[in-house]
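Participant: Could you have a look at this structure, given as structure tokens, before my questions?
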Amino acid sequence: MIRQFFVVAAAAAAFTATADMLVFKSGARLTGKVVRIEGGEIKFASDDVGEVKVSQDKVAELTTEAANTILYADKTKEDAVVCMTNGQYTASGKALDMGNVKAVNPEVETWHGSVNASAAAARGNTESETVTVLADLSRRWEKDRLAANFGYYFAQSGRNGVDKEKTEDRIVIGGQEDHFWANKVYSYVNGKYERDGINNLQYRYQIGTGLGYQWLDNEVFESTGKWSFSQEAGLTYIKEKYEHHADDDRCAFRYAHHLNWAPRWVDKLAFTHNLEYLPDTDDWADSYLLDTDVGFTYALIGAWQLIGKVEWDYNSNPPGSTKSSDFRYMLGLGYKW
């Protein structure tokens with residue numbers, strides 16, 4: 001019995017000795033494990049209260065026993081024992097400038113994606129159905145980034161089940177591969193396919209290449225939150241066919257930007273904005289395509305999220321009686337991983 005007691009006591013002492021410790025300025029302390037340090041926040045897995053996020057401004061001292069992975073802003077990595085006292089960080093005893101650090105124990109890169117859907121139906125004096133499905137998939141490696149997206153839009157309505165007419169029938173599939181040549185500079189190759197039965201667009205193919213600049217890449221600012229922003233410019237080949245019209249192919253300049261913002265003062269909320277502008281190389285002032293959207297996501301329970309989105313497509317020279325502008329609205333439920 002005495003022997004078992006000493007074995008248990010020795011094991012407990014060994015566990016305590018290897019545990020990380022976080023000491024608040026108030027004097028309270030937590031033992032456990034540092035999960036991540038990023039954007040002025042320490043994510044700590046406590047033995048007593050579970051996983052918590054703590055602003056480093058509230059921490060007087062942080063000590064870790066095992067080596068942590070430090071990811072610097074220039075994408076280089078280093079393994080070191082990270083500690084902090086009164087806001088000053090060290091890595092294995094040497095001063096560590098957190099201004100040059102993107103994250104300590106960064107999130108492991110893997111495939112990320114989401115599937116979002118909204119649907120509505122009406123019965124009675126009017127019968128209608130509306131379905132929208134949006135999906136995306138992405139992954140980032142050290143030098144490469146891959147993204148793909150899919151959109152399906154369908155709507156029909158009528159006074160009864162016999163005279164229903166389609167009011168929306170559209171499919172969009174796209175993808176892009178980025179290769180980073182420097183910390184923020186990358187080249188890209190992308191492709192896109194569209195079909196719109198309401199606008200009589202039988203198909204539109206786009207293949208393009210160019211350069212981009214990643215101004216912000218999940219950068220955290222204490223006053224506003226987490227930001228990502230990139231801009232791209234290049235050339236795109238377009239081949240399209242409208243019903244009752246001959247095939248058309250042309251070359252276009254391309255400008256695009258992508259914005260993601262998660263405000264610091266509203267947890268679980270994020271906003272997105274994307275724009276793509278394609279003026280023809282032969283008549284860039286009067287002949288162009290414009291695609292843009294703005295939306296938000298709000299995390300609900302687990303991986304489920306609420307999504308809202310407004311999309312606007314504009315064709316400066318639509319064939320026949322087709323209108324230039326198309327607006328689409330979505331409010332639905334999604335699953336994110």
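By order of appearance in the structure tokens: chains A, B, ..., then residues from 1 within every chain, and ligands from 1 in the order shown.
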So that I can check the surroundings of Ile171 of chain A, please list as a PyMOL selection string every protein, DNA and RNA residue that reaches within 9 Å of it, counting only C-alpha atoms and ignoring chain neighbours fewer than 4 positions away.
Facilitator: chain A and resi 150-154+193-196
Participant: Against segment 313-335 of chain A, which residues of segment 198-308 of chain A fall within 8 Å? For each one I want the closest pair of atoms and the distance in Å (one decimal), counting only C-alpha atoms, rows by chain and increasing residue number, as a tab-separated table.
Facilitator:
residue	atom	partner	partner_atom	distance
A:Asn199	CA	A:Thr322	CA	6.0
A:Tyr242	CA	A:Pro319	CA	7.5
A:Asp286	CA	A:Ser316	CA	6.8
A:Ser287	CA	A:Ser316	CA	5.6
A:Tyr288	CA	A:Ser316	CA	5.6
A:Leu289	CA	A:Asn315	CA	4.8
A:Leu290	CA	A:Tyr314	CA	5.0
A:Asp291	CA	A:Asp313	CA	4.6
A:Thr292	CA	A:Asp313	CA	6.6
A:Ala303	CA	A:Tyr335	CA	5.6
A:Trp304	CA	A:Tyr335	CA	4.6
A:Gln305	CA	A:Gly334	CA	5.1
A:Leu306	CA	A:Leu333	CA	4.9
A:Ile307	CA	A:Gly332	CA	5.4
A:Gly308	CA	A:Leu331	CA	4.4
Participant: Please provide as a PyMOL selection string all residues within 9 Å of Arg140 of chain A, with the sequence filter that same-chain residues fewer than 3 positions apart are discarded (counting only C-alpha atoms).
Facilitator: chain A and resi 109-111+143-147
Participant: Using only C-alpha atoms for the distances, tell me which of A:Lys43, A:His258, A:Lys226, A:Lys75 is nearest to Lys184 of chain A.
Facilitator: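 Of all the options, A:Lys75 lies closest to Lys184 of chain A.
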Participant: Identify, on the basis of only C-alpha atoms, every residue whose closest approach to Met98 of chain A does not exceed 9 Å; exclude the query and any residue fewer than 2 positions from it along the same chain; express the result as a ChimeraX atom specification.
Facilitator: /A:40,72,88-89,96,100-103
Participant: Could you please take those selected residues and save C-alpha atoms as a CSV table (one decimal), in the first residue's frame?
Facilitator:
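out00.csv, freshly written:
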chain,number,residue,atom,x,y,z
A,40,GLY,CA,-2.1,38.7,-28.7
A,72,TYR,CA,7.7,33.4,-38.1
A,88,GLN,CA,8.4,39.9,-22.8
A,89,TYR,CA,8.7,36.6,-24.6
A,96,LEU,CA,11.7,36.6,-28.9
A,100,ASN,CA,8.0,38.9,-36.2
A,101,VAL,CA,6.0,35.8,-35.1
A,102,LYS,CA,2.9,34.7,-36.9
A,103,ALA,CA,2.0,32.1,-34.3
Participant: Separation of atom CA of Leu211 of chain A and atom CA of Trp181 of chain A, in Å?
Facilitator: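 A separation of 10.2 Å between them.
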Participant: For atom CA of Gly210 of chain A and atom CA of Leu137 of chain A, quote the distance in Å rounded to one decimal.
Facilitator: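 These two atoms are separated by 21.4 Å.
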Participant: Please list as a PyMOL selection string every residue within 6 Å of Ala256 of chain A, counting only C-alpha atoms and excluding residues in the same chain fewer than 2 positions away.
Facilitator: chain A and resi 231-232+275-276
Participant: For those residues, write N, CA and C atoms to a file as a PDB file, in the first residue's frame.
Facilitator:
ATOM      1  N   GLN A 231      -4.847  40.856 -53.675  1.00  0.00           N
ATOM      2  CA  GLN A 231      -5.204  41.438 -54.962  1.00  0.00           C
ATOM      3  C   GLN A 231      -4.488  40.670 -56.067  1.00  0.00           C
ATOM      4  N   GLU A 232      -5.148  40.557 -57.227  1.00  0.00           N
ATOM      5  CA  GLU A 232      -4.616  39.794 -58.346  1.00  0.00           C
ATOM      6  C   GLU A 232      -4.820  40.540 -59.661  1.00  0.00           C
ATOM      7  N   LEU A 275     -14.324  40.220 -55.551  1.00  0.00           N
ATOM      8  CA  LEU A 275     -14.627  40.953 -56.788  1.00  0.00           C
ATOM      9  C   LEU A 275     -13.722  40.460 -57.899  1.00  0.00           C
ATOM     10  N   GLU A 276     -14.306  40.298 -59.090  1.00  0.00           N
ATOM     11  CA  GLU A 276     -13.546  39.948 -60.289  1.00  0.00           C
ATOM     12  C   GLU A 276     -14.040  40.821 -61.436  1.00  0.00           C
TER      13      GLU A 276
END
Participant: Excluding Asp247 of chain A and its own-chain neighbours fewer than 5 positions away, which residues fall within 12 Å of it when counting only C-alpha atoms? Please give them as a list in words.
Facilitator: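 So the residues in contact are Leu201, Gln202, Tyr203, Arg204, Tyr205, Ile238, Lys239, Glu240, Lys241, Tyr242 and Pro319 of chain A.
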Participant: Per DSSP on the backbone, what are the strand (DSSP E or B) residues of segment 42-262 of chain A, as number ranges by chain?
Facilitator: A: 42-46, 50-55, 59-63, 68-72, 77-80, 82-85, 88-91, 94-96, 101-104, 112-122, 127-140, 144-158, 165-180, 185-196, 201-221, 225-242, 248-262
Participant: Smallest atom-to-atom distance to Ile207 of chain A: which of A:Val220, A:Cys251, A:Ala233, A:Val185, using only C-alpha atoms?
Facilitator: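 So, comparing all the options, the nearest one is A:Cys251.
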Participant: Any idea what the distance is between atom CA of Ala299 of chain A and atom CA of Thr272 of chain A?
Facilitator: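 Between these atoms lies a distance of 14.2 Å.
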Participant: Can you list, as a list in words, every protein, DNA or RNA residue that comes within 9 Å of segment 25-28 of chain A when you count only C-alpha atoms, leaving out same-chain residues fewer than 6 positions away?
Facilitator: Asp57, Lys58, Val59, Ala60, Glu61 and Asn86 of chain A
Participant: Would you save the residues from that selection as an mmCIF file, in the first residue's frame, using N, CA and C atoms?
Facilitator:
data_model
loop_
_atom_site.group_PDB
_atom_site.id
_atom_site.type_symbol
_atom_site.label_atom_id
_atom_site.label_comp_id
_atom_site.auth_asym_id
_atom_site.auth_seq_id
_atom_site.Cartn_x
_atom_site.Cartn_y
_atom_site.Cartn_z
ATOM 1 N N ASP A 57 -2.348 40.461 -22.273
ATOM 2 C CA ASP A 57 -2.272 41.629 -21.405
ATOM 3 C C ASP A 57 -2.655 41.303 -19.962
ATOM 4 N N LYS A 58 -3.407 40.205 -19.787
ATOM 5 C CA LYS A 58 -3.842 39.813 -18.454
ATOM 6 C C LYS A 58 -2.888 38.818 -17.787
ATOM 7 N N VAL A 59 -1.819 38.448 -18.513
ATOM 8 C CA VAL A 59 -0.921 37.409 -18.025
ATOM 9 C C VAL A 59 0.373 38.033 -17.511
ATOM 10 N N ALA A 60 0.750 37.632 -16.299
ATOM 11 C CA ALA A 60 2.011 38.100 -15.721
ATOM 12 C C ALA A 60 3.162 37.190 -16.106
ATOM 13 N N GLU A 61 2.884 35.893 -16.188
ATOM 14 C CA GLU A 61 3.963 34.944 -16.481
ATOM 15 C C GLU A 61 3.411 33.717 -17.174
ATOM 16 N N ASN A 86 5.867 39.393 -17.896
ATOM 17 C CA ASN A 86 5.485 40.801 -18.033
ATOM 18 C C ASN A 86 5.529 41.282 -19.482
#
